[in-house]
Structures are given as C-alpha cells and as structure tokens.
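Written out below as structure tokens is the structure these notes cover.
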Amino acid sequence: MGEHAVEVEGLVRKFGDLVAVDGVTFEVRRGEVFGFLGPNGAGKTTTINMLCTLLTPTAGRATVDGFDVVRQKREVRQRIGLVFQDPSLDDRLTANENLDFHAVVYAVPQAVREKRKRELLEMVDLLDRADDLVITFSGGMKRRLEIARGLLHHPRVLFLDEPTIGLDPQTRKYIWDYVADLKKREDITIFLTTHYMEEAEHCDRIAIIDHGRIIALDTSENLKNMVGGDIIRIKTDDDARAEELLREKYRVNILEDKDCLCFEVERGEEFIPRLFQDFDVSIQSINLHRPTLDDVFLKLTGREIRDEEADGFMADMRRMVTRVRPPFAR
Ligand SMILES: Nc1ncnc2c1ncn2[C@@H]1O[C@H](COP(=O)(O)OP(=O)(O)OP(=O)(O)O)[C@@H](O)[C@H]1O
Ligand SMILES: [Mg+2]
C-alpha cells in the first residue's frame, strides 16, 4: 500500500451494534479532488475521522500519503490538513491569532509563518480582516478561514468535511473557486464530503456512500451515464391511475411515486408530446431533465439523497420547478 495519496482497504467502524462504515475500499489518486457523497448518517465523517487518525478502525487498513493511519499516526497527522464539519475556530481570537495557534501546534517554523499566513489569508480574501475577532465574521468567512488554517502547514492531503454546509449559494460557489484554485496552486490532494449533489460535480471522482458502503465510484460523467435516459416527473389529478397507464400503455418503470411520478425514458423530448396526445389523466405539471447525480443515487438506492432539513434551499427550488405548469397543460 502507499502508492496513492489515500488507500483504503476493507475499512470498518462499528459503534456498539451499529456499523457506521461497513468495509469500504477505494483509493484517492495524487493531485485529485475526490468526493464522498452520501446522505446524513451514511458514514462520511466516520471515514474521514479514521483517515485523520481521530478514530480507530474496527477492521481494515488505510494509508495516507503512504503512512498507516493506525501504526503511523504521527506521520499521518503531519501530512494532513483537516476542516471539520462543525466550526472549530476560537471566536474570541482574531483570524491571525487562530492561525498562529495552529502554526504553533503544527510547529510551522517562525521564519515562514508570517509569509504563509499572508499568502493564505490573501487566497481566501481575508487579508483585510486578519486582525478582526472571528466572532464578527459571517459563516462563509469563518469557513474560508478554516480552510486557510487547514493549509497552513503545507499538508499533502486536505480533508474537508462538508466544506459548504449551511452556506448560501454564492458563498458555496466561492468556496469551490478556492478549492479549484488550491488544486492549481498547491501540490495537494483533496478529499471532501458533501451531500450536495450539484457540488459533487466539482470533484474529479466521486464515491457514493450509503449505509456505510460505497455503492458507486467514478467520474460524475460516467456515473450519470449509468442512469441512461432522461428523467421525467409528472403530477396529475389521479396519480394512481396515471401510474397504471404509464406502466401498461407506455411500458415505463416508475422510479418514485411519492410527491410525483418519476420515470426514465429515452429521448424525453419526444416522449412528452406523445404523452400529451392521448393520456386519460389530466396532467398538472411535467418536468424533464438530463440525469443528475441525484438520479444516480435514486437509481442505486430507490431513495432520494436530499433530506429537506439539511438541504432546505434545494428542496425549495425543486418544489418551485415542479410547480411550474407548461402552457399546454390541460
Ligand atoms: N461517536 C459515535 N457514537 C455512536 N454512533 C456514532 C458516532 N459517530 C457516528 N455515529 C453513527 O454512525 C453513523 C454514521 O455517522 P457519520 O457521522 O459518519 O455520518 P455522515 O455521513 O457524516 O452524516 P452527515 O451527513 O449527517 O454528516 C450514524 O448512524 C451515526 O449516528
Ligand atoms: Mg458528517
């Protein structure tokens, strides 16, 4: 083991009877942005914590930059940067003081410390706020400072646990810009977790994790090709009847029937006019789209990844989209 930035083989973590991580095997290539995508409780943080030596695996092995996460904890710790899912800055200190504290813990040499701090604060657009108390920062500013802090000691692998959770869409975009910039500027591998499907698209490769297991691992493009056709969602006056018709007459396989009927067809743009021509049930709304990672998850698990509590914004957007009625609706 050790050729790749991260190598994981049959990694397991149990908490009592609960199997949080259930035998995952994967590798992260050097220089790549690798994403762990999965719903709440899938085992993302538990995996990160094992890779960062904060949790001991119940079984299996893992190396980071060639060092074993159990037997060579100290070497691993020197080579990683970590941005936790929950904020971990000291609010009562300034941005600079937070960085200084970290620099001391990681023994960043005094000679390079100031230069490195400036460089990173500049990168995350916080240079002019360096001497302000963190308590006065917005959520996005705090996140950016945490990313800068995680990079201070020139880690080989940066772990970001839900780097954009709870941030507004614009700030989330900024964070992704920094990640892209970082990949260019520093010789670094990035391992991150997210449950935002659209954001996983920023990763070179994505592992989809559910109930502690990796259910798919590939580039976003290849994952979406797995789904195949276009996804259509319709709402009708009588979904039960519509479902029956779709199955029998149009031979489609209903993927989901909770809030609306969701199914997959080849060439959706041709299917919809056919549907409107002679469908006995009145259609209230219809929505067509090319496969997304959401659909990949749905196809693999039969469930949607999004939970409304954690992802209210996208859930709202989705409701708005399905509410829009096409002009030809009866
Ligand atoms: N210290 C712990 N003690 C007991 N159970 C735990 C502990 N940490 C995590 N778990 C359980 O392990 C499972 C995986 O949790 P984990 O935090 O890894 O999920 P996650 O994918 O990071 O979820 P989220 O998206 O909510 O952050 C969950 O069922 C969780 O309740
Ligand atoms: Mg987590």
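The way I read the labels, and the way they are meant: chains A, B, ... in the order of the structure tokens, residue 1 as the first residue of every chain, and ligand 1 as the first ligand shown, with later ones counted on from there.
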Secondary structure check, helix (DSSP H, G or I) residues of stretch 35-275 of chain A, as a PyMOL selection string: chain A and resi 44-51+73-79+95-105+110-123+127-129+134-136+139-151+169-185+197-200+220-227+239-248+268-275
Shell around stretch 292-297 of chain A at 9 Å using only C-alpha atoms, local window under 5 positions removed, as an MDAnalysis selection string: chainID A and resid 38 197:198 200:201 208 215:216 220 223:227 231 302:306
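Taking only C-alpha atoms and all ligand atoms into account, ligand 2 has within 10 Å the residues A:Gly38, A:Pro39, A:Asn40, A:Gly41, A:Ala42, A:Gly43, A:Lys44, A:Thr45, A:Thr46, A:Thr47, A:Ile48, A:Asn49, A:Phe84, A:Gln85, A:Asp86, A:Asp161, A:Glu162, A:Thr193, A:Thr194, A:His195.
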10 Å contact set for stretch 131-147 of chain A, only C-alpha atoms, chain neighbours under 5 positions out, as number ranges by chain: A: 81-99, 120-121, 123-126, 152, 158-160, 163-168, 170-172, 174-175, 178-179
Give me every strand (DSSP E or B) residue in stretch 214-315 of chain A, going by DSSP on the backbone, as an mmCIF file with N, CA, C and O atoms, in the first residue's frame.
data_model
loop_
_atom_site.group_PDB
_atom_site.id
_atom_site.type_symbol
_atom_site.label_atom_id
_atom_site.label_comp_id
_atom_site.auth_asym_id
_atom_site.auth_seq_id
_atom_site.Cartn_x
_atom_site.Cartn_y
_atom_site.Cartn_z
ATOM 1 N N ILE A 214 -19.771 1.818 -0.102
ATOM 2 C CA ILE A 214 -19.628 2.538 -1.372
ATOM 3 C C ILE A 214 -20.460 1.807 -2.409
ATOM 4 O O ILE A 214 -20.239 0.624 -2.681
ATOM 5 N N ILE A 215 -21.448 2.506 -2.960
ATOM 6 C CA ILE A 215 -22.322 1.828 -3.917
ATOM 7 C C ILE A 215 -21.957 2.187 -5.357
ATOM 8 O O ILE A 215 -22.431 1.545 -6.286
ATOM 9 N N ALA A 216 -21.120 3.194 -5.548
ATOM 10 C CA ALA A 216 -20.635 3.519 -6.891
ATOM 11 C C ALA A 216 -19.432 4.427 -6.740
ATOM 12 O O ALA A 216 -19.340 5.199 -5.776
ATOM 13 N N LEU A 217 -18.508 4.329 -7.692
ATOM 14 C CA LEU A 217 -17.333 5.200 -7.642
ATOM 15 C C LEU A 217 -16.843 5.441 -9.070
ATOM 16 O O LEU A 217 -16.487 4.499 -9.764
ATOM 17 N N ASP A 218 -16.881 6.694 -9.481
ATOM 18 C CA ASP A 218 -16.449 7.007 -10.843
ATOM 19 C C ASP A 218 -16.446 8.531 -11.024
ATOM 20 O O ASP A 218 -16.702 9.273 -10.090
ATOM 21 N N ASP A 230 -33.478 10.018 -19.978
ATOM 22 C CA ASP A 230 -33.903 11.254 -19.341
ATOM 23 C C ASP A 230 -34.911 10.931 -18.237
ATOM 24 O O ASP A 230 -35.624 9.942 -18.310
ATOM 25 N N ILE A 231 -34.958 11.818 -17.262
ATOM 26 C CA ILE A 231 -35.897 11.611 -16.159
ATOM 27 C C ILE A 231 -37.095 12.555 -16.335
ATOM 28 O O ILE A 231 -36.921 13.760 -16.532
ATOM 29 N N ILE A 232 -38.282 11.981 -16.254
ATOM 30 C CA ILE A 232 -39.494 12.802 -16.336
ATOM 31 C C ILE A 232 -40.231 12.691 -15.012
ATOM 32 O O ILE A 232 -40.354 11.600 -14.444
ATOM 33 N N ARG A 233 -40.698 13.848 -14.535
ATOM 34 C CA ARG A 233 -41.532 13.855 -13.337
ATOM 35 C C ARG A 233 -42.859 14.479 -13.705
ATOM 36 O O ARG A 233 -42.879 15.570 -14.280
ATOM 37 N N ILE A 234 -43.948 13.802 -13.388
ATOM 38 C CA ILE A 234 -45.251 14.436 -13.653
ATOM 39 C C ILE A 234 -46.125 14.401 -12.409
ATOM 40 O O ILE A 234 -46.017 13.511 -11.566
ATOM 41 N N LYS A 235 -46.979 15.416 -12.342
ATOM 42 C CA LYS A 235 -48.031 15.447 -11.327
ATOM 43 C C LYS A 235 -49.355 15.418 -12.070
ATOM 44 O O LYS A 235 -49.498 16.100 -13.088
ATOM 45 N N THR A 236 -50.276 14.626 -11.572
ATOM 46 C CA THR A 236 -51.565 14.501 -12.254
ATOM 47 C C THR A 236 -52.704 14.641 -11.250
ATOM 48 O O THR A 236 -52.461 14.720 -10.039
ATOM 49 N N ILE A 254 -41.762 2.976 -13.071
ATOM 50 C CA ILE A 254 -41.867 4.113 -12.150
ATOM 51 C C ILE A 254 -40.778 4.005 -11.079
ATOM 52 O O ILE A 254 -40.681 3.013 -10.366
ATOM 53 N N LEU A 255 -39.958 5.063 -10.990
ATOM 54 C CA LEU A 255 -38.852 5.049 -10.026
ATOM 55 C C LEU A 255 -39.296 5.533 -8.658
ATOM 56 O O LEU A 255 -38.788 5.111 -7.636
ATOM 57 N N GLU A 256 -40.243 6.455 -8.671
ATOM 58 C CA GLU A 256 -40.688 7.032 -7.407
ATOM 59 C C GLU A 256 -42.111 7.518 -7.577
ATOM 60 O O GLU A 256 -42.454 8.039 -8.639
ATOM 61 N N LEU A 261 -44.909 11.377 -9.987
ATOM 62 C CA LEU A 261 -44.486 10.135 -10.638
ATOM 63 C C LEU A 261 -43.183 10.414 -11.368
ATOM 64 O O LEU A 261 -43.093 11.368 -12.131
ATOM 65 N N CYS A 262 -42.204 9.590 -11.126
ATOM 66 C CA CYS A 262 -40.887 9.819 -11.699
ATOM 67 C C CYS A 262 -40.477 8.574 -12.472
ATOM 68 O O CYS A 262 -40.555 7.462 -11.949
ATOM 69 N N PHE A 263 -40.074 8.772 -13.714
ATOM 70 C CA PHE A 263 -39.645 7.618 -14.511
ATOM 71 C C PHE A 263 -38.606 8.025 -15.535
ATOM 72 O O PHE A 263 -38.360 9.206 -15.757
ATOM 73 N N GLU A 264 -38.001 7.005 -16.140
ATOM 74 C CA GLU A 264 -36.893 7.231 -17.049
ATOM 75 C C GLU A 264 -37.286 6.792 -18.456
ATOM 76 O O GLU A 264 -37.887 5.742 -18.633
ATOM 77 N N VAL A 265 -36.984 7.636 -19.427
ATOM 78 C CA VAL A 265 -37.251 7.266 -20.825
ATOM 79 C C VAL A 265 -36.067 7.681 -21.698
ATOM 80 O O VAL A 265 -35.283 8.546 -21.327
ATOM 81 N N ILE A 283 -52.882 16.114 -16.668
ATOM 82 C CA ILE A 283 -51.531 16.365 -16.170
ATOM 83 C C ILE A 283 -51.432 17.794 -15.633
ATOM 84 O O ILE A 283 -51.768 18.743 -16.326
ATOM 85 N N GLN A 284 -50.990 17.937 -14.391
ATOM 86 C CA GLN A 284 -50.880 19.269 -13.779
ATOM 87 C C GLN A 284 -49.535 19.915 -14.066
ATOM 88 O O GLN A 284 -49.441 21.102 -14.284
ATOM 89 N N SER A 285 -48.497 19.118 -13.986
ATOM 90 C CA SER A 285 -47.177 19.681 -14.271
ATOM 91 C C SER A 285 -46.260 18.571 -14.759
ATOM 92 O O SER A 285 -46.486 17.386 -14.472
ATOM 93 N N ILE A 286 -45.269 18.985 -15.509
ATOM 94 C CA ILE A 286 -44.338 17.994 -16.040
ATOM 95 C C ILE A 286 -42.940 18.603 -16.061
ATOM 96 O O ILE A 286 -42.787 19.814 -16.275
ATOM 97 N N ASN A 287 -41.965 17.796 -15.782
ATOM 98 C CA ASN A 287 -40.607 18.303 -15.672
ATOM 99 C C ASN A 287 -39.643 17.268 -16.263
ATOM 100 O O ASN A 287 -39.715 16.096 -15.938
ATOM 101 N N LEU A 288 -38.831 17.746 -17.200
ATOM 102 C CA LEU A 288 -37.909 16.828 -17.877
ATOM 103 C C LEU A 288 -36.477 17.254 -17.582
ATOM 104 O O LEU A 288 -36.167 18.438 -17.645
ATOM 105 N N HIS A 289 -35.629 16.316 -17.263
ATOM 106 C CA HIS A 289 -34.226 16.714 -17.177
ATOM 107 C C HIS A 289 -33.261 15.571 -17.457
ATOM 108 O O HIS A 289 -33.580 14.402 -17.323
#
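Checking A:Asp17, A:Glu244, A:Asp204, A:Glu114 one by one against ligand 1, counting only C-alpha atoms and all ligand atoms, you find the shortest gap at A:Asp17.
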Who sits within 6 Å of stretch 27-34 of chain A, only C-alpha atoms, same chain under 5 positions skipped, as a compact mmCIF listing (two decimals) with N, CA and C atoms, in the first residue's frame:
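Saved file part_35.txt follows:
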# COMPACT_ATOMS: atom_id res chain seq x y z
N HIS A 4 -0.79 5.55 -3.73
CA HIS A 4 -1.73 6.65 -3.91
C HIS A 4 -1.77 7.57 -2.69
N ALA A 5 -2.40 8.73 -2.86
CA ALA A 5 -2.47 9.68 -1.75
C ALA A 5 -3.21 9.07 -0.55
N VAL A 6 -4.29 8.36 -0.85
CA VAL A 6 -5.05 7.68 0.20
C VAL A 6 -5.38 6.29 -0.33
N GLU A 7 -5.15 5.29 0.50
CA GLU A 7 -5.53 3.92 0.11
C GLU A 7 -6.30 3.29 1.26
N VAL A 8 -7.44 2.76 0.93
CA VAL A 8 -8.34 2.22 1.95
C VAL A 8 -8.76 0.83 1.54
N ILE A 188 -1.33 19.32 -3.97
CA ILE A 188 -2.11 18.78 -2.88
C ILE A 188 -3.22 17.86 -3.40
N THR A 189 -3.63 16.93 -2.57
CA THR A 189 -4.76 16.06 -2.87
C THR A 189 -5.91 16.49 -1.95
N ILE A 190 -7.11 16.54 -2.47
CA ILE A 190 -8.24 16.98 -1.65
C ILE A 190 -9.28 15.88 -1.54
N PHE A 191 -9.61 15.56 -0.31
CA PHE A 191 -10.65 14.56 -0.04
C PHE A 191 -11.77 15.31 0.66
N CYS A 203 -15.85 17.53 -8.21
CA CYS A 203 -14.81 16.54 -7.90
C CYS A 203 -14.36 15.81 -9.16
N ASP A 204 -13.09 15.41 -9.17
CA ASP A 204 -12.60 14.62 -10.30
C ASP A 204 -13.26 13.25 -10.30
N ARG A 205 -13.37 12.66 -9.11
CA ARG A 205 -14.11 11.39 -8.98
C ARG A 205 -14.94 11.43 -7.72
N ILE A 206 -16.00 10.65 -7.74
CA ILE A 206 -16.95 10.66 -6.64
C ILE A 206 -17.22 9.23 -6.18
Atom 24 (P, counted along the ligand's line) of ligand 1 to atom CA of A:Asp65, distance in Å rounded to a single decimal: 25.4 Å
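Proximity to ligand 1 was assessed for A:Ser282, A:Thr63, A:Thr56, A:Gln277 counting only C-alpha atoms and all ligand atoms; the smallest distance is recorded for A:Thr56.
Take the candidates A:Val157, A:Ile209, A:Leu11, A:Leu151 and check each one against ligand 1 using only C-alpha atoms and all ligand atoms; the shortest distance goes to A:Ile209.
Of the residues listed (A:Val19, A:Ile80, A:Ala180, A:Leu51), A:Val19 shows the shortest atom-to-atom separation from ligand 1; distances use only C-alpha atoms and all ligand atoms.
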Separation of atom 19 (O, counted along the ligand's line) of ligand 1 from atom CA of A:Ala20, in Å and rounded to one decimal: 7.3 Å
Residue nearest ligand 1 among A:Arg274, A:His153, A:His211, A:Arg71 (counting only C-alpha atoms and all ligand atoms): A:His211
Among the residues A:Lys117, A:Arg13, A:Lys258, A:Lys173, the one that comes closest to ligand 1 [using only C-alpha atoms and all ligand atoms]: A:Arg13
